[in-house]
>>> print(open('final_14.cif').read())   # mmCIF, C-alpha atoms
data_final
#
loop_
_atom_site.label_atom_id
_atom_site.label_comp_id
_atom_site.auth_asym_id
_atom_site.auth_seq_id
_atom_site.Cartn_x
_atom_site.Cartn_y
_atom_site.Cartn_z
CA MET A 29 119.82 95.44 109.08
CA ALA A 30 117.15 96.36 111.57
CA ARG A 31 115.16 99.36 110.52
CA ALA A 32 113.79 100.68 113.77
CA LEU A 33 113.25 104.15 115.16
CA VAL A 34 113.13 104.52 118.93
CA ASN A 35 112.70 107.75 120.82
CA VAL A 36 113.68 107.97 124.47
CA PRO A 37 114.37 111.32 126.14
CA LYS A 38 118.11 111.63 126.78
CA VAL A 39 117.69 113.27 130.17
CA ALA A 40 114.85 113.00 132.69
CA GLN A 41 114.18 113.97 136.31
CA GLN A 42 113.88 111.28 138.97
CA GLY A 43 110.26 110.08 139.06
CA GLU A 44 109.32 111.88 135.84
CA VAL A 45 106.85 110.19 133.50
CA VAL A 46 108.48 110.00 130.07
CA GLU A 47 107.00 108.99 126.71
CA ILE A 48 108.72 106.21 124.80
CA LYS A 49 108.09 105.71 121.06
CA ALA A 50 109.15 102.72 119.02
CA MET A 51 108.56 101.98 115.34
CA ILE A 52 109.94 99.21 113.16
CA ALA A 53 109.82 98.54 109.43
CA HIS A 54 107.81 95.36 108.87
CA PRO A 55 105.24 94.39 106.22
CA MET A 56 102.84 92.79 108.78
CA GLU A 57 101.50 90.49 106.08
CA THR A 58 98.15 89.23 107.40
CA GLY A 59 98.06 85.86 105.68
CA TYR A 60 94.60 86.63 104.30
CA ARG A 61 95.69 88.38 101.12
CA ILE A 62 95.79 86.48 97.85
CA GLY A 63 98.95 86.70 95.77
CA PRO A 64 99.30 86.87 91.99
CA ASN A 65 99.35 83.05 91.70
CA GLY A 66 95.97 82.70 93.42
CA SER A 67 97.22 81.28 96.69
CA ASN A 68 97.41 83.09 100.02
CA ILE A 69 100.49 85.16 100.77
CA PRO A 70 101.93 83.45 103.88
CA ARG A 71 101.41 85.26 107.14
CA ASP A 72 104.40 87.25 108.35
CA ILE A 73 103.77 89.50 111.33
CA ILE A 74 105.53 90.72 114.43
CA ARG A 75 103.97 88.73 117.22
CA ARG A 76 105.47 90.30 120.29
CA PHE A 77 107.01 93.57 121.30
CA ALA A 78 108.86 93.86 124.59
CA CYS A 79 110.72 96.61 126.37
CA THR A 80 113.14 96.26 129.27
CA TYR A 81 114.54 98.99 131.49
CA ASN A 82 117.94 97.97 132.87
CA GLY A 83 116.99 94.35 132.22
CA GLU A 84 113.61 94.55 133.93
CA ALA A 85 110.49 94.06 131.79
CA VAL A 86 108.46 97.28 131.83
CA PHE A 87 106.20 96.95 128.82
CA SER A 88 105.16 94.26 126.36
CA ALA A 89 102.47 93.79 123.77
CA ASP A 90 101.10 90.96 121.66
CA LEU A 91 100.44 91.97 118.05
CA PHE A 92 97.87 90.45 115.71
CA PRO A 93 97.21 90.47 111.95
CA ALA A 94 94.97 93.57 112.17
CA VAL A 95 97.93 95.75 113.16
CA SER A 96 99.15 97.90 110.26
CA ALA A 97 102.53 97.60 108.56
CA ASN A 98 105.47 99.32 110.28
CA PRO A 99 103.86 99.15 113.74
CA PHE A 100 104.29 102.23 115.92
CA ILE A 101 103.97 101.79 119.67
CA ALA A 102 104.10 104.58 122.24
CA PHE A 103 103.84 104.19 125.99
CA SER A 104 104.97 105.93 129.16
CA LEU A 105 107.46 105.01 131.78
CA VAL A 106 108.53 106.37 135.17
CA ALA A 107 112.21 107.34 135.02
CA THR A 108 113.90 105.82 138.07
CA THR A 109 117.59 105.26 137.35
CA SER A 110 120.03 106.00 134.54
CA GLY A 111 120.56 103.09 132.21
CA THR A 112 119.57 101.46 128.96
CA ILE A 113 116.16 100.74 127.58
CA ASP A 114 116.07 97.74 125.23
CA PHE A 115 113.43 96.96 122.66
CA THR A 116 112.75 93.56 121.12
CA TRP A 117 110.42 92.66 118.27
CA THR A 118 109.77 88.95 117.64
CA ASP A 119 108.20 87.80 114.37
CA ASP A 120 106.28 84.67 113.36
CA ALA A 121 109.47 82.78 112.55
CA GLY A 122 110.81 83.52 116.03
CA LYS A 123 113.40 85.92 114.61
CA THR A 124 114.07 88.92 116.79
CA GLN A 125 115.16 92.45 116.00
CA THR A 126 116.47 94.74 118.67
CA ALA A 127 117.17 98.39 119.37
CA SER A 128 118.29 100.20 122.46
CA ALA A 129 118.61 103.69 123.89
CA THR A 130 120.15 105.21 126.99
CA ILE A 131 118.53 107.55 129.48
CA THR A 132 120.20 109.70 132.12
CA VAL A 133 118.16 110.35 135.25
CA ASN A 134 119.11 113.28 137.50
CA MET B 27 83.24 126.96 53.72
CA HIS B 28 86.91 127.80 54.15
CA ALA B 29 86.00 130.79 56.24
CA LEU B 30 83.90 128.55 58.47
CA TRP B 31 86.78 126.14 59.06
CA TRP B 32 89.05 129.04 59.84
CA LEU B 33 86.53 130.36 62.34
CA ALA B 34 86.29 126.94 63.96
CA ALA B 35 90.07 126.73 64.18
CA VAL B 36 90.22 130.12 65.86
CA ALA B 37 87.52 129.06 68.31
CA VAL B 38 89.36 125.84 69.15
CA ALA B 39 92.63 127.72 69.59
CA ALA B 40 90.89 130.22 71.87
CA ILE B 41 89.39 127.44 73.99
CA CYS B 42 92.74 125.65 74.20
CA GLY B 43 94.30 128.94 75.24
CA ILE B 44 91.80 129.32 78.04
CA VAL B 45 92.30 125.73 79.18
CA SER B 46 96.07 125.98 79.28
CA ALA B 47 95.89 129.27 81.14
CA ALA B 48 93.50 127.82 83.70
CA GLY B 49 96.26 126.28 85.83
CA ILE B 50 96.47 127.08 89.52
CA GLU B 51 97.34 130.68 90.40
CA ASP B 52 100.53 131.20 92.40
CA GLY B 53 98.66 132.58 95.41
CA GLU B 54 96.37 129.55 95.51
CA LYS B 55 99.15 126.98 95.42
CA ARG B 56 98.75 124.55 98.30
CA SER B 57 100.61 121.42 99.23
CA GLY B 58 98.68 118.18 99.73
CA PHE B 59 99.66 118.57 103.41
CA ASP B 60 97.09 121.36 103.81
CA PHE B 61 94.25 119.07 102.70
CA MET B 62 94.96 116.36 105.28
CA THR B 63 93.35 115.80 108.67
CA PRO B 64 95.22 117.22 111.70
CA GLU B 65 96.00 113.63 112.78
CA THR B 66 97.78 112.78 109.53
CA GLN B 67 99.56 116.14 109.58
CA ALA B 68 100.85 115.33 113.08
CA LEU B 69 102.10 111.97 111.84
CA GLN B 70 104.18 113.69 109.16
CA ALA B 71 105.39 116.53 111.36
CA ASP B 72 107.03 114.35 114.01
CA ASP B 73 110.09 112.51 112.70
CA MET B 74 109.70 109.95 115.46
CA SER B 75 106.23 108.94 114.30
CA ASN B 76 106.66 109.49 110.55
CA PRO B 77 107.05 105.99 109.09
CA GLY B 78 108.78 107.45 106.02
CA MET B 79 111.78 108.11 108.26
CA LEU B 80 112.39 104.34 108.33
CA TRP B 81 113.27 104.56 104.63
CA VAL B 82 115.39 107.66 105.15
CA LEU B 83 117.27 105.73 107.84
CA GLN B 84 117.80 102.79 105.49
CA GLY B 85 118.94 105.18 102.76
CA GLU B 86 121.52 106.66 105.11
CA GLN B 87 122.94 103.17 105.67
CA LEU B 88 122.89 102.31 101.96
CA TRP B 89 124.67 105.59 101.16
CA GLN B 90 127.73 104.30 103.04
CA GLN B 91 127.69 100.77 101.61
CA ALA B 92 130.16 99.84 98.85
CA GLN B 93 128.34 98.35 95.85
CA GLY B 94 129.04 96.70 92.51
CA ARG B 95 132.24 95.64 90.78
CA ALA B 96 133.77 99.07 91.39
CA ASP B 97 133.26 98.41 95.12
CA VAL B 98 132.52 102.03 95.86
CA ALA B 99 129.76 103.56 97.98
CA CYS B 100 127.69 106.63 97.11
CA SER B 101 129.66 108.39 99.84
CA GLY B 102 132.90 107.38 98.06
CA CYS B 103 132.29 110.08 95.43
CA HIS B 104 129.60 112.29 96.98
CA ASP B 105 130.95 112.29 100.52
CA ASP B 106 128.54 113.48 103.20
CA ALA B 107 125.05 113.69 101.67
CA ARG B 108 123.96 116.23 104.28
CA GLN B 109 126.19 118.77 102.55
CA THR B 110 126.65 117.54 98.98
CA MET B 111 123.03 116.56 98.34
CA ARG B 112 121.45 119.62 99.95
CA GLY B 113 119.11 121.22 97.41
CA VAL B 114 119.84 118.68 94.67
CA ALA B 115 116.46 116.94 94.70
CA ALA B 116 114.66 120.32 94.60
CA ARG B 117 116.04 120.80 91.07
CA TYR B 118 115.12 117.37 89.64
CA PRO B 119 114.18 116.07 87.05
CA ALA B 120 117.35 117.31 85.31
CA PHE B 121 118.64 117.03 81.76
CA ASP B 122 120.81 113.97 81.17
CA ALA B 123 123.31 114.70 78.39
CA ALA B 124 124.12 111.02 77.85
CA THR B 125 120.60 110.07 76.81
CA GLY B 126 119.50 113.51 75.61
CA ARG B 127 116.44 113.24 77.82
CA PRO B 128 115.30 114.42 81.23
CA ILE B 129 116.06 112.06 84.09
CA ASP B 130 114.43 111.88 87.51
CA LEU B 131 116.25 111.29 90.77
CA ALA B 132 115.56 107.55 90.93
CA GLY B 133 116.76 107.27 87.33
CA ARG B 134 119.91 109.21 88.21
CA ILE B 135 120.62 106.90 91.16
CA ASN B 136 120.29 103.87 88.90
CA SER B 137 122.44 105.38 86.15
CA CYS B 138 125.06 106.27 88.77
CA ARG B 139 124.94 102.66 89.97
CA ALA B 140 125.46 101.37 86.43
CA GLU B 141 128.27 103.76 85.46
CA ARG B 142 130.20 104.48 88.65
CA GLN B 143 129.52 101.45 90.81
CA GLN B 144 129.10 98.96 87.97
CA ALA B 145 126.20 97.43 89.85
CA GLU B 146 122.84 96.06 88.75
CA PRO B 147 120.09 98.70 88.64
CA LEU B 148 117.68 98.65 91.56
CA ALA B 149 114.14 97.55 90.67
CA PRO B 150 111.50 100.29 90.53
CA GLU B 151 109.64 100.59 93.86
CA SER B 152 112.20 98.37 95.60
CA ASP B 153 112.87 99.36 99.20
CA ALA B 154 116.52 100.08 98.39
CA LEU B 155 115.76 102.48 95.53
CA LEU B 156 113.00 104.23 97.49
CA ALA B 157 115.28 104.46 100.52
CA LEU B 158 118.14 106.07 98.59
CA THR B 159 115.78 108.43 96.76
CA ALA B 160 114.08 109.36 100.04
CA TYR B 161 117.42 109.90 101.77
CA VAL B 162 118.75 112.18 99.02
CA THR B 163 115.47 114.11 98.72
CA HIS B 164 115.27 114.43 102.50
CA GLN B 165 118.45 116.54 102.39
CA SER B 166 116.40 119.22 100.59
CA ARG B 167 113.53 119.21 103.08
CA GLY B 168 112.30 122.72 103.77
CA MET B 169 113.85 124.13 100.61
CA PRO B 170 111.65 125.54 97.83
CA ILE B 171 111.17 123.44 94.70
CA THR B 172 113.21 125.18 92.00
CA PRO B 173 113.06 123.19 88.75
CA ALA B 174 116.08 123.35 86.48
CA THR B 175 115.78 126.15 83.91
CA ASP B 176 117.76 124.21 81.28
CA ALA B 177 116.34 125.22 77.87
CA ARG B 178 116.77 121.67 76.59
CA LEU B 179 114.06 120.58 79.05
CA ALA B 180 111.38 122.88 77.62
CA ARG B 181 110.26 120.46 74.91
CA PHE B 182 109.81 117.63 77.39
CA ARG B 183 108.07 119.87 79.91
CA ASP B 184 105.60 120.94 77.20
CA ASN B 185 104.95 117.30 76.41
CA GLY B 186 104.33 116.71 80.12
CA ARG B 187 101.84 119.57 80.22
CA GLY B 188 100.11 118.11 77.17
CA LEU B 189 99.83 114.73 78.90
CA PHE B 190 98.52 116.42 82.05
CA GLN B 191 95.76 118.09 80.07
CA SER B 192 94.75 115.31 77.72
CA ARG B 193 91.78 113.13 78.51
CA ILE B 194 92.56 109.43 78.81
CA GLY B 195 90.96 106.14 79.75
CA GLN B 196 87.41 104.87 79.76
CA LEU B 197 86.38 107.66 82.13
CA GLU B 198 87.85 110.24 79.72
CA LEU B 199 89.39 112.36 82.44
CA SER B 200 92.64 114.30 82.30
CA CYS B 201 94.83 114.98 85.33
CA ALA B 202 93.72 118.60 85.03
CA SER B 203 90.00 117.70 85.15
CA CYS B 204 90.42 116.86 88.83
CA HIS B 205 93.58 118.54 90.08
CA ASP B 206 93.31 121.91 88.30
CA ASP B 207 89.56 122.32 87.85
CA ASN B 208 88.14 120.63 90.94
CA TRP B 209 90.75 120.69 93.68
CA GLY B 210 89.39 121.16 97.17
CA LYS B 211 86.18 119.30 96.31
CA ARG B 212 85.60 115.67 97.14
CA LEU B 213 85.89 112.51 95.11
CA GLY B 214 84.01 109.94 97.15
CA GLY B 215 85.22 110.55 100.68
CA SER B 216 88.59 112.01 99.78
CA VAL B 217 89.55 115.62 99.20
CA ILE B 218 91.03 116.24 95.74
CA PRO B 219 94.39 117.95 96.30
CA GLN B 220 96.28 120.06 93.79
CA ALA B 221 98.80 117.87 91.99
CA HIS B 222 102.01 118.97 93.70
CA PRO B 223 104.79 116.39 94.07
CA SER B 224 106.34 118.11 97.09
CA GLY B 225 106.79 115.12 99.36
CA TYR B 226 107.88 112.17 97.19
CA PRO B 227 108.94 109.49 97.87
CA LEU B 228 106.20 109.55 100.49
CA TYR B 229 104.52 107.20 102.92
CA ARG B 230 100.96 106.58 101.85
CA LEU B 231 98.74 105.07 104.53
CA GLU B 232 96.71 103.27 101.86
CA TRP B 233 99.88 101.62 100.51
CA GLN B 234 101.26 100.94 104.00
CA THR B 235 104.66 101.70 102.51
CA VAL B 236 106.71 104.39 100.82
CA GLY B 237 106.08 104.90 97.11
CA SER B 238 107.41 107.04 94.29
CA LEU B 239 105.69 109.76 92.29
CA GLN B 240 105.59 107.35 89.35
CA ARG B 241 103.60 104.87 91.43
CA ARG B 242 101.15 107.65 92.28
CA LEU B 243 100.84 108.66 88.61
CA ARG B 244 100.24 105.06 87.55
CA ASN B 245 97.61 104.76 90.32
CA CYS B 246 95.72 107.76 88.96
CA MET B 247 95.90 106.36 85.41
CA ILE B 248 94.44 103.05 86.58
CA GLY B 249 91.82 105.09 88.44
CA VAL B 250 90.56 106.65 85.21
CA ARG B 251 90.76 103.20 83.59
CA ALA B 252 93.60 103.99 81.26
CA GLU B 253 96.57 101.80 80.43
CA PRO B 254 99.34 103.11 82.75
CA PHE B 255 102.82 103.91 81.45
CA ALA B 256 105.52 101.48 82.62
CA PHE B 257 107.82 102.51 85.48
CA GLY B 258 110.62 104.67 84.11
CA ALA B 259 108.71 105.46 80.90
CA PRO B 260 109.76 108.77 79.31
CA GLU B 261 106.16 110.01 79.49
CA LEU B 262 106.16 109.68 83.28
CA VAL B 263 109.39 111.67 83.54
CA ASP B 264 107.89 114.37 81.27
CA LEU B 265 104.86 114.49 83.57
CA GLU B 266 107.18 114.81 86.58
CA LEU B 267 108.85 117.76 84.85
CA HIS B 268 105.54 119.51 84.35
CA LEU B 269 104.42 118.79 87.91
CA THR B 270 107.59 120.17 89.49
CA GLU B 271 107.23 123.30 87.36
CA GLN B 272 103.66 123.69 88.64
CA ALA B 273 104.86 123.21 92.20
CA ARG B 274 107.69 125.75 91.89
CA GLY B 275 108.17 127.52 95.23
CA LEU B 276 106.46 124.92 97.43
CA LEU B 277 108.70 123.41 100.09
CA VAL B 278 110.14 119.90 99.84
CA GLU B 279 108.52 117.73 102.56
CA THR B 280 110.14 114.35 101.94
CA PRO B 281 109.28 112.00 103.49
CA ALA B 282 105.67 113.20 103.47
CA VAL B 283 102.72 111.19 104.75
CA ARG B 284 99.52 111.08 102.73
CA PRO B 285 96.23 109.26 103.32
#
>>> encode(input="final_14.cif", output="C-alpha cells")
Amino acid sequence: MARALVNVPKVAQQGEVVEIKAMIAHPMETGYRIGPNGSNIPRDIIRRFACTYNGEAVFSADLFPAVSANPFIAFSLVATTSGTIDFTWTDDAGKTQTASATITVN
Amino acid sequence: MHALWWLAAVAVAAICGIVSAAGIEDGEKRSGFDFMTPETQALQADDMSNPGMLWVLQGEQLWQQAQGRADVACSGCHDDARQTMRGVAARYPAFDAATGRPIDLAGRINSCRAERQQAEPLAPESDALLALTAYVTHQSRGMPITPATDARLARFRDNGRGLFQSRIGQLELSCASCHDDNWGKRLGGSVIPQAHPSGYPLYRLEWQTVGSLQRRLRNCMIGVRAEPFAFGAPELVDLELHLTEQARGLLVETPAVRP
C-alpha cells in the first residue's frame, strides 16, 4: 500500500508553468541512529525520485540520509500535451513505489 | 491552636480556589496554531504539503478493509465516514458504559476492533491506529470542540483537572505551571502554547511522524522528569477529558502540524 500524495493541476493552458508536488510516507532512517539493543538501526532511505511526463523523464532527484522523513518534493513543469505524469520512488533495497496523475492541456 | 489550624485551612482553601480559577479566560483561548511560525502554519494549511494527510489517506484505506474473525470493515457498520463520523471526534473522550470509565477515540477504535471485528487490538502509536484515529478525527475538522456533557464524566474530568494542576517529577512542575501561568513566553527557544488538544493526532516535525495526544502528554511528563503513565492509562484519559473541556469551542484541526 503506497502512501503517497501527488498534486498535479487537472487542467492547464498550453505552455503554462505548473507546480507539481509529491510527498510519500517513508521513515528515511539514516543508519546513524542507535537502537535499543545498542547497535545501529539499519539505513533505510529513498534513494531516488523520478518523474516522467508521458514517458519522458522531466525531473529526478537523488536523496541522501539528511533528508527528513516523509520527503516532500515540489518542482515546476511546462505543460505541453495532455497525458499522465508518473512518479517513482526507489528505496535502498531497490523497491519502488509509484503514483500517477493526469493533466489536460488546452 | 485549633483556631490557628482552622485559619491555615481557610488560607489554603482560598489559595487553591485562586489557583483553580486561574485557568485561561475564554477570550484568551488560542490554538497552538497561532503560536507557530508562518512557515509551519503554511505547511498545515495546505493539504498537499501537510504530511499528516498521509495518515488520513491510510486511514481512509483501512476504513474499507475487512478485519478480524468477523471479517467486517469499519465501513461495514459505520458506512461512509464522511457522513457518519462527522462531529464524532469533537465530542470525545466519551463515557463507555461497558467499563464504567471514559474512553478516548483510539480506545474506542480498539474496543470496536475487539468486539465487532474480533480482531487483535492495534498497538498504541502504531501507524494503523494513528491512521484510523486521524481519519475519523479529520471528519470533524473545522467543527468546534464540544465535549460530552455526560454527568458520569464529571468525576473523571475533576481528576484530570487535579492531575493537570499537581506538581510532579524532579522539576516539581505541573502542566498548569507552564501552560496556564506562562503561555506565550519561551522555554528555551520554543514558545509555550496553551494546552489545547485541537489537532491530535498531529504531525510533529520533531517526531518526524504523527503522534497521539497521549504521546505528547508522556513527552511532557518525561520533560519534567516524572515517571510517565503508560499508554492507555486511565489517568491519561482523565487528562484528555480535562484538556478537551479547556479547549471547548476551539476548532478541530486534525491533522495539525506542530514544531
>>> interface_residues(input="final_14.cif", of="chain B", to="chain A", cutoff="10 Å", atoms="all atoms listed in the file", output="compact mmCIF listing (two decimals) with C-alpha atoms, keeping the file's coordinate frame")
# COMPACT_ATOMS: atom_id res chain seq x y z
CA ASP B 73 110.09 112.51 112.70
CA MET B 74 109.70 109.95 115.46
CA SER B 75 106.23 108.94 114.30
CA ASN B 76 106.66 109.49 110.55
CA PRO B 77 107.05 105.99 109.09
CA GLY B 78 108.78 107.45 106.02
CA MET B 79 111.78 108.11 108.26
CA LEU B 80 112.39 104.34 108.33
CA TRP B 81 113.27 104.56 104.63
CA VAL B 82 115.39 107.66 105.15
CA LEU B 83 117.27 105.73 107.84
CA GLN B 84 117.80 102.79 105.49
CA GLN B 87 122.94 103.17 105.67
CA LEU B 231 98.74 105.07 104.53
CA TRP B 233 99.88 101.62 100.51
CA GLN B 234 101.26 100.94 104.00
CA THR B 235 104.66 101.70 102.51
>>> resolve_selection(input="final_14.cif", expression="the PyMOL selection byres ((chain A and resi 72-79) around 10)", output="PDB file with C-alpha atoms, keeping the file's coordinate frame")
ATOM      1  CA  ILE A  48     108.720 106.210 124.800  1.00  0.00           C
ATOM      2  CA  ALA A  50     109.150 102.720 119.020  1.00  0.00           C
ATOM      3  CA  ILE A  52     109.940  99.210 113.160  1.00  0.00           C
ATOM      4  CA  HIS A  54     107.810  95.360 108.870  1.00  0.00           C
ATOM      5  CA  PRO A  55     105.240  94.390 106.220  1.00  0.00           C
ATOM      6  CA  MET A  56     102.840  92.790 108.780  1.00  0.00           C
ATOM      7  CA  GLU A  57     101.500  90.490 106.080  1.00  0.00           C
ATOM      8  CA  THR A  58      98.150  89.230 107.400  1.00  0.00           C
ATOM      9  CA  GLY A  59      98.060  85.860 105.680  1.00  0.00           C
ATOM     10  CA  ILE A  69     100.490  85.160 100.770  1.00  0.00           C
ATOM     11  CA  PRO A  70     101.930  83.450 103.880  1.00  0.00           C
ATOM     12  CA  ARG A  71     101.410  85.260 107.140  1.00  0.00           C
ATOM     13  CA  THR A  80     113.140  96.260 129.270  1.00  0.00           C
ATOM     14  CA  TYR A  81     114.540  98.990 131.490  1.00  0.00           C
ATOM     15  CA  ASN A  82     117.940  97.970 132.870  1.00  0.00           C
ATOM     16  CA  GLY A  83     116.990  94.350 132.220  1.00  0.00           C
ATOM     17  CA  GLU A  84     113.610  94.550 133.930  1.00  0.00           C
ATOM     18  CA  ALA A  85     110.490  94.060 131.790  1.00  0.00           C
ATOM     19  CA  VAL A  86     108.460  97.280 131.830  1.00  0.00           C
ATOM     20  CA  PHE A  87     106.200  96.950 128.820  1.00  0.00           C
ATOM     21  CA  SER A  88     105.160  94.260 126.360  1.00  0.00           C
ATOM     22  CA  ALA A  89     102.470  93.790 123.770  1.00  0.00           C
ATOM     23  CA  ASP A  90     101.100  90.960 121.660  1.00  0.00           C
ATOM     24  CA  LEU A  91     100.440  91.970 118.050  1.00  0.00           C
ATOM     25  CA  PHE A  92      97.870  90.450 115.710  1.00  0.00           C
ATOM     26  CA  PRO A  93      97.210  90.470 111.950  1.00  0.00           C
ATOM     27  CA  ALA A  94      94.970  93.570 112.170  1.00  0.00           C
ATOM     28  CA  VAL A  95      97.930  95.750 113.160  1.00  0.00           C
ATOM     29  CA  SER A  96      99.150  97.900 110.260  1.00  0.00           C
ATOM     30  CA  ALA A  97     102.530  97.600 108.560  1.00  0.00           C
ATOM     31  CA  ASN A  98     105.470  99.320 110.280  1.00  0.00           C
ATOM     32  CA  PRO A  99     103.860  99.150 113.740  1.00  0.00           C
ATOM     33  CA  ILE A 101     103.970 101.790 119.670  1.00  0.00           C
ATOM     34  CA  ILE A 113     116.160 100.740 127.580  1.00  0.00           C
ATOM     35  CA  ASP A 114     116.070  97.740 125.230  1.00  0.00           C
ATOM     36  CA  PHE A 115     113.430  96.960 122.660  1.00  0.00           C
ATOM     37  CA  THR A 116     112.750  93.560 121.120  1.00  0.00           C
ATOM     38  CA  TRP A 117     110.420  92.660 118.270  1.00  0.00           C
ATOM     39  CA  THR A 118     109.770  88.950 117.640  1.00  0.00           C
ATOM     40  CA  ASP A 119     108.200  87.800 114.370  1.00  0.00           C
ATOM     41  CA  ASP A 120     106.280  84.670 113.360  1.00  0.00           C
ATOM     42  CA  ALA A 121     109.470  82.780 112.550  1.00  0.00           C
ATOM     43  CA  GLY A 122     110.810  83.520 116.030  1.00  0.00           C
ATOM     44  CA  LYS A 123     113.400  85.920 114.610  1.00  0.00           C
ATOM     45  CA  THR A 124     114.070  88.920 116.790  1.00  0.00           C
ATOM     46  CA  GLN A 125     115.160  92.450 116.000  1.00  0.00           C
ATOM     47  CA  THR A 126     116.470  94.740 118.670  1.00  0.00           C
ATOM     48  CA  ALA A 127     117.170  98.390 119.370  1.00  0.00           C
ATOM     49  CA  SER A 128     118.290 100.200 122.460  1.00  0.00           C
TER      50      SER A 128
END
>>> closest_residue(input="final_14.cif", among="B:Val98, B:Met62, B:Ala177, B:Cys103", to="Arg127 (chain B)", atoms="only C-alpha atoms")
B:Ala177
>>> residues_near_point(input="final_14.cif", point="(100.1, 119.7, 100.2)", cutoff="8 Å", atoms="only C-alpha atoms", output="ChimeraX atom specification")
/B:56-62,219-220,222,224
>>> atom_distance(input="final_14.cif", atom1="CA of Ser166 (chain B)", atom2="CA of Gly113 (chain B)")
4.6 Å
>>> resolve_selection(input="final_14.cif", expression="the PyMOL selection byres ((chain B and resi 227) around 10)", output="ChimeraX atom specification")
/B:78,81-82,132,151,156-161,163-164,223-226,228-230,236-242,279-283
>>> residues_around(input="final_14.cif", residues="Glu54 (chain B)", least_positions_apart="4", cutoff="12 Å", atoms="all atoms listed in the file", output="PyMOL selection string")
chain B and resi 49-50+60+206+209-210+219-220+272-273+275-276
>>> resolve_selection(input="final_14.cif", expression="the PyMOL selection byres ((chain B and resi 126) around 12)", output="list in words")
Ala120, Phe121, Asp122, Ala123, Ala124, Thr125, Arg127, Pro128, Ile129, Arg178, Leu179, Arg181, Phe182 and Pro260 of chain B
>>> atom_distance(input="final_14.cif", atom1="CA of Ile62 (chain A)", atom2="CA of Ser152 (chain B)")
20.4 Å
>>> residues_near_point(input="final_14.cif", point="(110.7, 120.5, 82.6)", cutoff="7 Å", atoms="all atoms listed in the file", output="list in words")
Leu179, Ala180, Phe182, Arg183, Asp264, Leu267, His268 and Glu271 of chain B
>>> atom_distance(input="final_14.cif", atom1="CA of Leu262 (chain B)", atom2="CA of Cys204 (chain B)")
18.2 Å
